[in-house]
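Shown below: start10.pdb, with PDB, C-alpha atoms, pLDDT in the B column.
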```
ATOM      1  CA  MET A1490     117.790  96.790 118.908  1.00 38.00           C
ATOM      2  CA  PRO A1491     120.306  98.906 116.944  1.00 37.00           C
ATOM      3  CA  SER A1492     119.692 102.643 116.998  1.00 36.00           C
ATOM      4  CA  GLY A1493     120.051 105.146 114.164  1.00 36.00           C
ATOM      5  CA  LEU A1494     118.694 102.698 111.605  1.00 43.00           C
ATOM      6  CA  GLY A1495     118.167 103.752 108.012  1.00 50.00           C
ATOM      7  CA  LEU A1496     114.631 102.458 107.846  1.00 58.00           C
ATOM      8  CA  ASP A1497     113.593 100.884 104.550  1.00 65.00           C
ATOM      9  CA  HIS A1498     110.612 102.433 102.768  1.00 78.00           C
ATOM     10  CA  ASN A1499     110.757 100.363  99.589  1.00 80.00           C
ATOM     11  CA  ALA A1500     107.396  98.902  98.539  1.00 85.00           C
ATOM     12  CA  ILE A1501     107.200  95.744  96.447  1.00 83.00           C
ATOM     13  CA  ILE A1502     103.966  95.846  94.433  1.00 88.00           C
ATOM     14  CA  THR A1503     102.414  92.513  93.409  1.00 86.00           C
ATOM     15  CA  LEU A1504      99.231  93.281  91.495  1.00 88.00           C
ATOM     16  CA  ARG A1505      96.669  90.931  89.981  1.00 85.00           C
ATOM     17  CA  PRO A1506      94.532  92.065  87.024  1.00 82.00           C
ATOM     18  CA  PRO A1507      90.809  92.552  87.795  1.00 82.00           C
ATOM     19  CA  SER A1508      88.860  89.265  87.922  1.00 69.00           C
ATOM     20  CA  ALA A1509      92.068  87.216  88.083  1.00 54.00           C
ATOM     21  CA  LEU A1510      90.694  85.342  91.065  1.00 49.00           C
ATOM     22  CA  ASN A1511      92.814  82.223  90.504  1.00 54.00           C
ATOM     23  CA  ASP A1512      96.183  83.928  90.182  1.00 59.00           C
ATOM     24  CA  ASN A1513      98.445  81.538  92.078  1.00 63.00           C
ATOM     25  CA  GLU A1514     101.220  84.134  92.378  1.00 71.00           C
ATOM     26  CA  TRP A1515      98.967  86.617  94.200  1.00 79.00           C
ATOM     27  CA  LEU A1516      98.360  86.036  97.893  1.00 84.00           C
ATOM     28  CA  PRO A1517      95.394  87.918  99.418  1.00 86.00           C
ATOM     29  CA  PRO A1518      95.702  89.779 102.716  1.00 88.00           C
ATOM     30  CA  THR A1519      94.127  88.244 105.776  1.00 85.00           C
ATOM     31  CA  LEU A1520      90.801  89.721 106.819  1.00 83.00           C
ATOM     32  CA  ASN A1521      92.330  90.755 110.144  1.00 84.00           C
ATOM     33  CA  TRP A1522      94.973  92.746 108.229  1.00 87.00           C
ATOM     34  CA  LEU A1523      92.203  94.611 106.381  1.00 90.00           C
ATOM     35  CA  ASP A1524      90.188  95.304 109.520  1.00 90.00           C
ATOM     36  CA  GLY A1525      90.068  98.933 110.638  1.00 92.00           C
ATOM     37  CA  ARG A1526      90.373 102.423 109.171  1.00 94.00           C
ATOM     38  CA  TRP A1527      91.722 103.232 105.728  1.00 95.00           C
ATOM     39  CA  HIS A1528      92.205 106.630 104.090  1.00 96.00           C
ATOM     40  CA  ILE A1529      91.546 107.013 100.350  1.00 96.00           C
ATOM     41  CA  THR A1530      94.651 108.859  99.171  1.00 96.00           C
ATOM     42  CA  HIS A1531      94.469 108.426  95.383  1.00 97.00           C
ATOM     43  CA  SER A1532      91.652 107.740  92.956  1.00 95.00           C
ATOM     44  CA  THR A1533      90.667 107.833  89.288  1.00 94.00           C
ATOM     45  CA  LEU A1534      86.989 108.473  90.106  1.00 91.00           C
ATOM     46  CA  PRO A1535      85.967 112.046  89.184  1.00 90.00           C
ATOM     47  CA  HIS A1536      83.638 112.470  92.166  1.00 87.00           C
ATOM     48  CA  ARG A1537      86.583 112.058  94.584  1.00 91.00           C
ATOM     49  CA  THR A1538      87.891 115.428  93.368  1.00 91.00           C
ATOM     50  CA  THR A1539      84.974 117.065  95.232  1.00 92.00           C
ATOM     51  CA  GLN A1540      85.820 115.289  98.505  1.00 93.00           C
ATOM     52  CA  ARG A1541      88.502 115.427 101.174  1.00 94.00           C
ATOM     53  CA  ASN A1542      89.502 113.223 104.090  1.00 95.00           C
ATOM     54  CA  THR A1543      87.659 110.234 102.642  1.00 93.00           C
ATOM     55  CA  ARG A1544      87.741 107.166 104.864  1.00 94.00           C
ATOM     56  CA  ILE A1545      86.739 103.535 104.634  1.00 92.00           C
ATOM     57  CA  GLU A1546      86.165 101.674 107.899  1.00 91.00           C
ATOM     58  CA  LEU A1547      86.053  97.873 107.669  1.00 89.00           C
ATOM     59  CA  THR A1548      84.864  96.018 110.765  1.00 88.00           C
ATOM     60  CA  ILE A1549      85.206  92.253 110.465  1.00 82.00           C
ATOM     61  CA  SER A1550      83.584  89.881 112.941  1.00 78.00           C
ATOM     62  CA  ALA A1551      82.270  86.347 113.296  1.00 70.00           C
ATOM     63  CA  ALA A1552      78.732  85.851 111.983  1.00 63.00           C
ATOM     64  CA  ALA A1553      76.098  83.605 113.574  1.00 64.00           C
ATOM     65  CA  ASN A1554      76.690  80.902 110.948  1.00 65.00           C
ATOM     66  CA  GLY A1555      80.353  80.693 111.886  1.00 63.00           C
ATOM     67  CA  LYS A1556      81.546  82.625 108.838  1.00 67.00           C
ATOM     68  CA  GLN A1557      83.086  86.066 109.007  1.00 70.00           C
ATOM     69  CA  SER A1558      80.942  89.080 108.232  1.00 73.00           C
ATOM     70  CA  PHE A1559      81.975  92.653 107.723  1.00 78.00           C
ATOM     71  CA  HIS A1560      80.611  96.148 108.082  1.00 82.00           C
ATOM     72  CA  ILE A1561      81.617  98.980 105.739  1.00 85.00           C
ATOM     73  CA  GLU A1562      81.439 102.634 106.671  1.00 87.00           C
ATOM     74  CA  SER A1563      82.424 105.255 104.110  1.00 88.00           C
ATOM     75  CA  SER A1564      82.712 108.914 105.092  1.00 91.00           C
ATOM     76  CA  HIS A1565      84.087 112.119 103.646  1.00 92.00           C
ATOM     77  CA  GLN A1566      83.972 115.888 103.880  1.00 93.00           C
ATOM     78  CA  ALA A1567      83.109 118.152 100.968  1.00 93.00           C
ATOM     79  CA  LEU A1568      85.947 120.461  99.998  1.00 92.00           C
ATOM     80  CA  GLU A1569      84.339 123.467 101.716  1.00 89.00           C
ATOM     81  CA  ALA A1570      82.370 121.700 104.481  1.00 83.00           C
ATOM     82  CA  SER A1571      83.432 120.533 107.923  1.00 85.00           C
ATOM     83  CA  LYS A1572      80.665 118.019 108.717  1.00 90.00           C
ATOM     84  CA  PRO A1573      81.421 114.539 107.357  1.00 91.00           C
ATOM     85  CA  LYS A1574      78.879 112.616 105.285  1.00 90.00           C
ATOM     86  CA  THR A1575      78.665 108.943 106.250  1.00 88.00           C
ATOM     87  CA  GLU A1576      77.173 105.849 104.602  1.00 84.00           C
ATOM     88  CA  SER A1577      77.389 102.306 105.915  1.00 80.00           C
ATOM     89  CA  VAL A1578      76.347  98.764 105.080  1.00 76.00           C
ATOM     90  CA  SER A1579      76.778  95.332 106.667  1.00 71.00           C
ATOM     91  CA  SER A1580      77.280  92.153 104.677  1.00 67.00           C
ATOM     92  CA  PRO A1581      77.120  88.768 106.420  1.00 58.00           C
ATOM     93  CA  SER A1582      77.867  86.733 103.301  1.00 58.00           C
ATOM     94  CA  GLN A1583      80.589  88.509 101.319  1.00 64.00           C
ATOM     95  CA  THR A1584      84.256  89.289 101.685  1.00 67.00           C
ATOM     96  CA  PRO A1585      85.969  92.671 101.384  1.00 69.00           C
ATOM     97  CA  LEU A1586      88.535  91.011  99.095  1.00 73.00           C
ATOM     98  CA  ASP A1587      85.924  90.851  96.319  1.00 73.00           C
ATOM     99  CA  PHE A1588      82.830  92.775  97.317  1.00 71.00           C
ATOM    100  CA  SER A1589      79.803  92.656  94.997  1.00 66.00           C
ATOM    101  CA  ALA A1590      77.084  95.280  95.052  1.00 55.00           C
ATOM    102  CA  SER A1591      73.600  94.023  95.851  1.00 52.00           C
ATOM    103  CA  LYS A1592      70.209  95.487  96.589  1.00 43.00           C
ATOM    104  CA  GLY A1593      69.594  98.280  99.082  1.00 42.00           C
ATOM    105  CA  THR A1594      72.326 100.307 100.714  1.00 44.00           C
ATOM    106  CA  ALA A1595      75.115  98.027  99.481  1.00 45.00           C
ATOM    107  CA  SER A1596      74.336  98.919  95.878  1.00 45.00           C
ATOM    108  CA  ARG A1597      75.420 102.518  96.541  1.00 53.00           C
ATOM    109  CA  PHE A1598      78.956 101.347  97.230  1.00 61.00           C
ATOM    110  CA  GLY A1599      79.338  99.398  94.021  1.00 68.00           C
ATOM    111  CA  SER A1600      81.554  96.335  93.623  1.00 79.00           C
ATOM    112  CA  TRP A1601      85.288  96.194  94.142  1.00 84.00           C
ATOM    113  CA  GLN A1602      88.258  93.853  94.031  1.00 87.00           C
ATOM    114  CA  ILE A1603      91.517  94.210  95.897  1.00 90.00           C
ATOM    115  CA  LEU A1604      94.320  94.060  93.338  1.00 92.00           C
ATOM    116  CA  ALA A1605      97.389  94.700  95.517  1.00 93.00           C
ATOM    117  CA  TRP A1606      98.300  95.235  99.144  1.00 93.00           C
ATOM    118  CA  GLY A1607     101.352  95.522 101.331  1.00 91.00           C
ATOM    119  CA  LYS A1608     103.590  97.796 103.369  1.00 90.00           C
ATOM    120  CA  GLU A1609     106.170 100.426 102.544  1.00 91.00           C
ATOM    121  CA  GLY A1610     109.432  98.959 103.741  1.00 81.00           C
ATOM    122  CA  GLN A1611     111.067  95.549 103.913  1.00 76.00           C
ATOM    123  CA  LEU A1612     112.325  93.951 107.106  1.00 74.00           C
ATOM    124  CA  ASP A1613     115.949  92.964 107.651  1.00 74.00           C
ATOM    125  CA  ASP A1614     116.633  89.330 108.535  1.00 72.00           C
ATOM    126  CA  TRP A1615     116.927  90.087 112.255  1.00 72.00           C
ATOM    127  CA  MET A1616     113.580  91.917 112.401  1.00 74.00           C
ATOM    128  CA  ILE A1617     110.538  89.983 113.601  1.00 74.00           C
ATOM    129  CA  GLU A1618     107.045  91.278 112.812  1.00 75.00           C
ATOM    130  CA  ASP A1619     104.859  90.653 115.846  1.00 68.00           C
ATOM    131  CA  GLY A1620     101.598  91.264 113.976  1.00 68.00           C
ATOM    132  CA  ASP A1621     100.423  93.821 116.532  1.00 66.00           C
ATOM    133  CA  GLY A1622     102.085  96.915 115.108  1.00 69.00           C
ATOM    134  CA  TRP A1623     105.506  96.209 116.620  1.00 70.00           C
ATOM    135  CA  ILE A1624     108.850  94.938 115.328  1.00 77.00           C
ATOM    136  CA  SER A1625     111.133  92.977 117.652  1.00 80.00           C
ATOM    137  CA  ASP A1626     114.585  91.408 117.495  1.00 78.00           C
ATOM    138  CA  SER A1627     115.935  88.130 118.859  1.00 75.00           C
ATOM    139  CA  SER A1628     116.537  89.714 122.264  1.00 77.00           C
ATOM    140  CA  GLY A1629     112.870  90.682 122.570  1.00 77.00           C
ATOM    141  CA  GLU A1630     113.483  94.436 122.252  1.00 80.00           C
ATOM    142  CA  ARG A1631     110.604  96.067 120.397  1.00 80.00           C
ATOM    143  CA  ARG A1632     109.943  99.212 118.401  1.00 77.00           C
ATOM    144  CA  ALA A1633     106.856 100.512 116.642  1.00 77.00           C
ATOM    145  CA  ASP A1634     106.433  99.331 113.053  1.00 74.00           C
ATOM    146  CA  TRP A1635     107.377 102.373 110.947  1.00 80.00           C
ATOM    147  CA  ARG A1636     105.793 101.079 107.740  1.00 84.00           C
ATOM    148  CA  ASN A1637     102.651 102.501 106.163  1.00 90.00           C
ATOM    149  CA  SER A1638     100.187  99.959 104.724  1.00 92.00           C
ATOM    150  CA  TYR A1639      98.410 100.323 101.382  1.00 95.00           C
ATOM    151  CA  VAL A1640      95.663  98.643  99.379  1.00 95.00           C
ATOM    152  CA  VAL A1641      94.975  99.045  95.647  1.00 95.00           C
ATOM    153  CA  VAL A1642      91.291  98.588  94.840  1.00 93.00           C
ATOM    154  CA  HIS A1643      89.561  98.170  91.474  1.00 91.00           C
ATOM    155  CA  VAL A1644      86.120  99.799  91.662  1.00 88.00           C
ATOM    156  CA  GLU A1645      83.705  98.277  89.162  1.00 81.00           C
ATOM    157  CA  GLY A1646      81.607 101.428  88.677  1.00 70.00           C
ATOM    158  CA  ASP A1647      78.311  99.562  89.087  1.00 57.00           C
ATOM    159  CA  GLY A1648      77.142 101.288  92.282  1.00 53.00           C
ATOM    160  CA  GLU A1649      74.319 103.796  92.296  1.00 56.00           C
ATOM    161  CA  ASP A1650      76.666 106.612  93.355  1.00 58.00           C
ATOM    162  CA  GLU A1651      79.037 105.907  90.475  1.00 50.00           C
ATOM    163  CA  LYS A1652      76.192 105.682  87.951  1.00 52.00           C
ATOM    164  CA  GLU A1653      74.667 108.965  89.151  1.00 56.00           C
ATOM    165  CA  LYS A1654      78.030 110.729  88.853  1.00 56.00           C
ATOM    166  CA  GLY A1655      78.927 109.139  85.517  1.00 51.00           C
ATOM    167  CA  ASP A1656      81.960 107.349  86.939  1.00 64.00           C
ATOM    168  CA  GLY A1657      83.098 104.211  85.156  1.00 72.00           C
ATOM    169  CA  PRO A1658      85.427 101.510  86.477  1.00 85.00           C
ATOM    170  CA  GLY A1659      88.322 102.984  88.392  1.00 91.00           C
ATOM    171  CA  ILE A1660      91.216 102.533  90.788  1.00 94.00           C
ATOM    172  CA  GLU A1661      91.566 103.725  94.376  1.00 95.00           C
ATOM    173  CA  VAL A1662      94.543 103.563  96.711  1.00 97.00           C
ATOM    174  CA  TRP A1663      93.930 103.285 100.447  1.00 96.00           C
ATOM    175  CA  SER A1664      96.532 103.831 103.153  1.00 96.00           C
ATOM    176  CA  ARG A1665      96.496 103.386 106.905  1.00 93.00           C
ATOM    177  CA  ARG A1666      98.046 106.726 107.832  1.00 90.00           C
ATOM    178  CA  GLY A1667      96.370 109.296 105.622  1.00 88.00           C
ATOM    179  CA  TRP A1668      97.523 112.911 105.799  1.00 89.00           C
ATOM    180  CA  TRP A1669      99.997 112.570 108.663  1.00 88.00           C
ATOM    181  CA  LYS A1670     102.178 110.011 106.875  1.00 88.00           C
ATOM    182  CA  PRO A1671     101.296 109.900 103.166  1.00 91.00           C
ATOM    183  CA  LEU A1672     102.498 107.192 100.833  1.00 94.00           C
ATOM    184  CA  TYR A1673     105.873 107.910  99.272  1.00 93.00           C
ATOM    185  CA  PRO A1674     105.784 109.177  95.664  1.00 94.00           C
ATOM    186  CA  GLU A1675     107.951 106.180  94.744  1.00 94.00           C
ATOM    187  CA  THR A1676     105.226 103.838  96.024  1.00 95.00           C
ATOM    188  CA  VAL A1677     102.523 105.602  94.019  1.00 96.00           C
ATOM    189  CA  GLY A1678     104.785 105.470  90.957  1.00 96.00           C
ATOM    190  CA  LYS A1679     105.275 101.720  91.405  1.00 95.00           C
ATOM    191  CA  ILE A1680     101.513 101.236  91.723  1.00 96.00           C
ATOM    192  CA  LYS A1681     101.017 103.104  88.447  1.00 96.00           C
ATOM    193  CA  ASP A1682     103.702 100.973  86.770  1.00 95.00           C
ATOM    194  CA  ALA A1683     102.034  97.791  88.052  1.00 94.00           C
ATOM    195  CA  LEU A1684      98.672  98.950  86.701  1.00 95.00           C
ATOM    196  CA  LYS A1685     100.245  99.579  83.316  1.00 94.00           C
ATOM    197  CA  GLY A1686     101.814  96.135  83.432  1.00 92.00           C
ATOM    198  CA  ALA A1687      98.341  94.657  84.051  1.00 90.00           C
ATOM    199  CA  GLY A1688      96.946  96.371  80.952  1.00 91.00           C
ATOM    200  CA  LEU A1689      95.318  99.237  82.862  1.00 92.00           C
ATOM    201  CA  GLU A1690      97.360 102.091  81.366  1.00 94.00           C
ATOM    202  CA  TYR A1691      94.282 104.268  80.892  1.00 93.00           C
ATOM    203  CA  LEU A1692      93.531 104.098  84.636  1.00 94.00           C
ATOM    204  CA  ALA A1693      97.141 104.529  85.737  1.00 96.00           C
ATOM    205  CA  GLU A1694      97.275 107.830  83.858  1.00 96.00           C
ATOM    206  CA  LYS A1695      94.129 109.081  85.635  1.00 95.00           C
ATOM    207  CA  LEU A1696      95.251 108.219  89.180  1.00 96.00           C
ATOM    208  CA  VAL A1697      95.506 111.457  91.201  1.00 96.00           C
ATOM    209  CA  GLY A1698      95.703 112.426  94.848  1.00 96.00           C
ATOM    210  CA  VAL A1699      92.575 112.925  96.970  1.00 95.00           C
ATOM    211  CA  ALA A1700      92.519 116.006  99.222  1.00 95.00           C
ATOM    212  CA  LEU A1701      93.694 115.287 102.780  1.00 94.00           C
ATOM    213  CA  ASP A1702      94.155 117.517 105.813  1.00 93.00           C
ATOM    214  CA  ASP A1703      94.099 117.339 109.615  1.00 91.00           C
ATOM    215  CA  THR A1704      90.533 118.577 110.242  1.00 90.00           C
ATOM    216  CA  ARG A1705      89.265 115.057 111.011  1.00 89.00           C
ATOM    217  CA  GLY A1706      92.218 114.057 113.140  1.00 81.00           C
ATOM    218  CA  TYR A1707      93.802 110.678 112.542  1.00 74.00           C
TER     219      TYR A1707
END
```
Would you mind writing the file out in structure tokens?
Amino acid sequence: MPSGLGLDHNAIITLRPPSALNDNEWLPPTLNWLDGRWHITHSTLPHRTTQRNTRIELTISAAANGKQSFHIESSHQALEASKPKTESVSSPSQTPLDFSASKGTASRFGSWQILAWGKEGQLDDWMIEDGDGWISDSSGERRADWRNSYVVVHVEGDGEDEKEKGDGPGIEVWSRRGWWKPLYPETVGKIKDALKGAGLEYLAEKLVGVALDDTRGY
């Protein structure tokens, strides 16, 4: 594999408007791609300004009925506290692509829809994505995938937490790599432009960074 590459960090944002569930031009991520830890790096929700190192953990597995189920764990630190606060819920019948709040613990999370997803950086023709975090070439030589992943989420504002804090509908941006490799400003700018193009100018203008540091590790 050639050395000294100028690695591409360009993100191509394809965003569907909220509730546009039948948008044929928008392809959803696979559930396996969503599985794992995400860091909330940007948000329009006012209560995120009192948090830092906010994480979402999605664990997706096969349910007894043969369908996939998922478990959500949300955790964060207060700005001046070291101990994380954690909430979790399991849902055997819904999908993290379009999660609807229901009774009990799930209602605290509210509903959300994934509007956009992808990676920062485009592969050259000779690069082969292995799907396991590595990029290879035709000779079989491999290198770690340098690209950060992102998800743009529309939060409906119907959860108990949002209602208690007076938050309305909002936007959050999740990334895989959090504080140690933040999203490029160009990527965040493109996300804002895509939101404006979808008629969500008022949310694009409110999108700000969420506090991140290294006190929780990776």
Rank nothing, just name the residue among A:Ile1603, A:Ala1687, A:Val1644, A:Ala1633 nearest to Ser1532 (chain A), using all atoms listed in the file.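 Going through A:Ile1603, A:Ala1687, A:Val1644, A:Ala1633 one by one, the smallest distance to Ser1532 (chain A) is for A:Val1644.
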Shortest interatomic distance to His1560 (chain A) - which of A:Trp1615, A:Phe1588, A:Trp1522, A:Tyr1639, counting all atoms listed in the file: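 Among the listed residues, A:Phe1588 lies closest to His1560 (chain A).
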Using only C-alpha atoms, tabulate the residues of region 1516-1580 of chain A lying at most 6 Å from any atom of region 1657-1680 of chain A, each with its closest atom pair and that distance in Å to one decimal, by chain and increasing residue number, as CSV.
```
residue,atom,partner,partner_atom,distance
A:Trp1527,CA,A:Arg1665,CA,4.9
A:His1528,CA,A:Gly1667,CA,5.2
A:Ile1529,CA,A:Trp1663,CA,4.4
A:Thr1530,CA,A:Trp1663,CA,5.8
A:His1531,CA,A:Val1662,CA,5.0
A:Ser1532,CA,A:Glu1661,CA,4.3
A:Thr1533,CA,A:Gly1659,CA,5.5
A:Leu1534,CA,A:Gly1659,CA,5.9
```
Counting all atoms listed in the file, the residue of A:Asp1614, A:Gln1540, A:Lys1574, A:Ser1563 that sits nearest Gly1525 (chain A):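 That would be A:Ser1563, the residue with the smallest distance to Gly1525 (chain A).
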Determine the residue membership of the PyMOL selection byres ((chain A and resi 1565) around 9) for the file above and supply it as a ChimeraX atom specification. /A:1540-1544,1563-1564,1566-1567,1572-1575
One decimal, in Å: what's the spacing between CA of Ser1628 (chain A) and CA of Gly1610 (chain A)?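 Computing the Euclidean distance for CA of Ser1628 (chain A) and CA of Gly1610 (chain A) yields 21.9 Å.
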Can you work out which one of A:Gly1646, A:Gln1611, A:Ser1550, A:Asp1587 has the shortest atom-to-atom distance to Asp1634 (chain A), counting all atoms listed in the file?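 Using all atoms listed in the file, the shortest distance to Asp1634 (chain A) belongs to A:Gln1611.
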Pick from A:Glu1546, A:Pro1535, A:Ser1577, A:Val1640, whichever lies nearest to Leu1692 (chain A) using all atoms listed in the file: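 Smallest distance to Leu1692 (chain A) is found for A:Pro1535.
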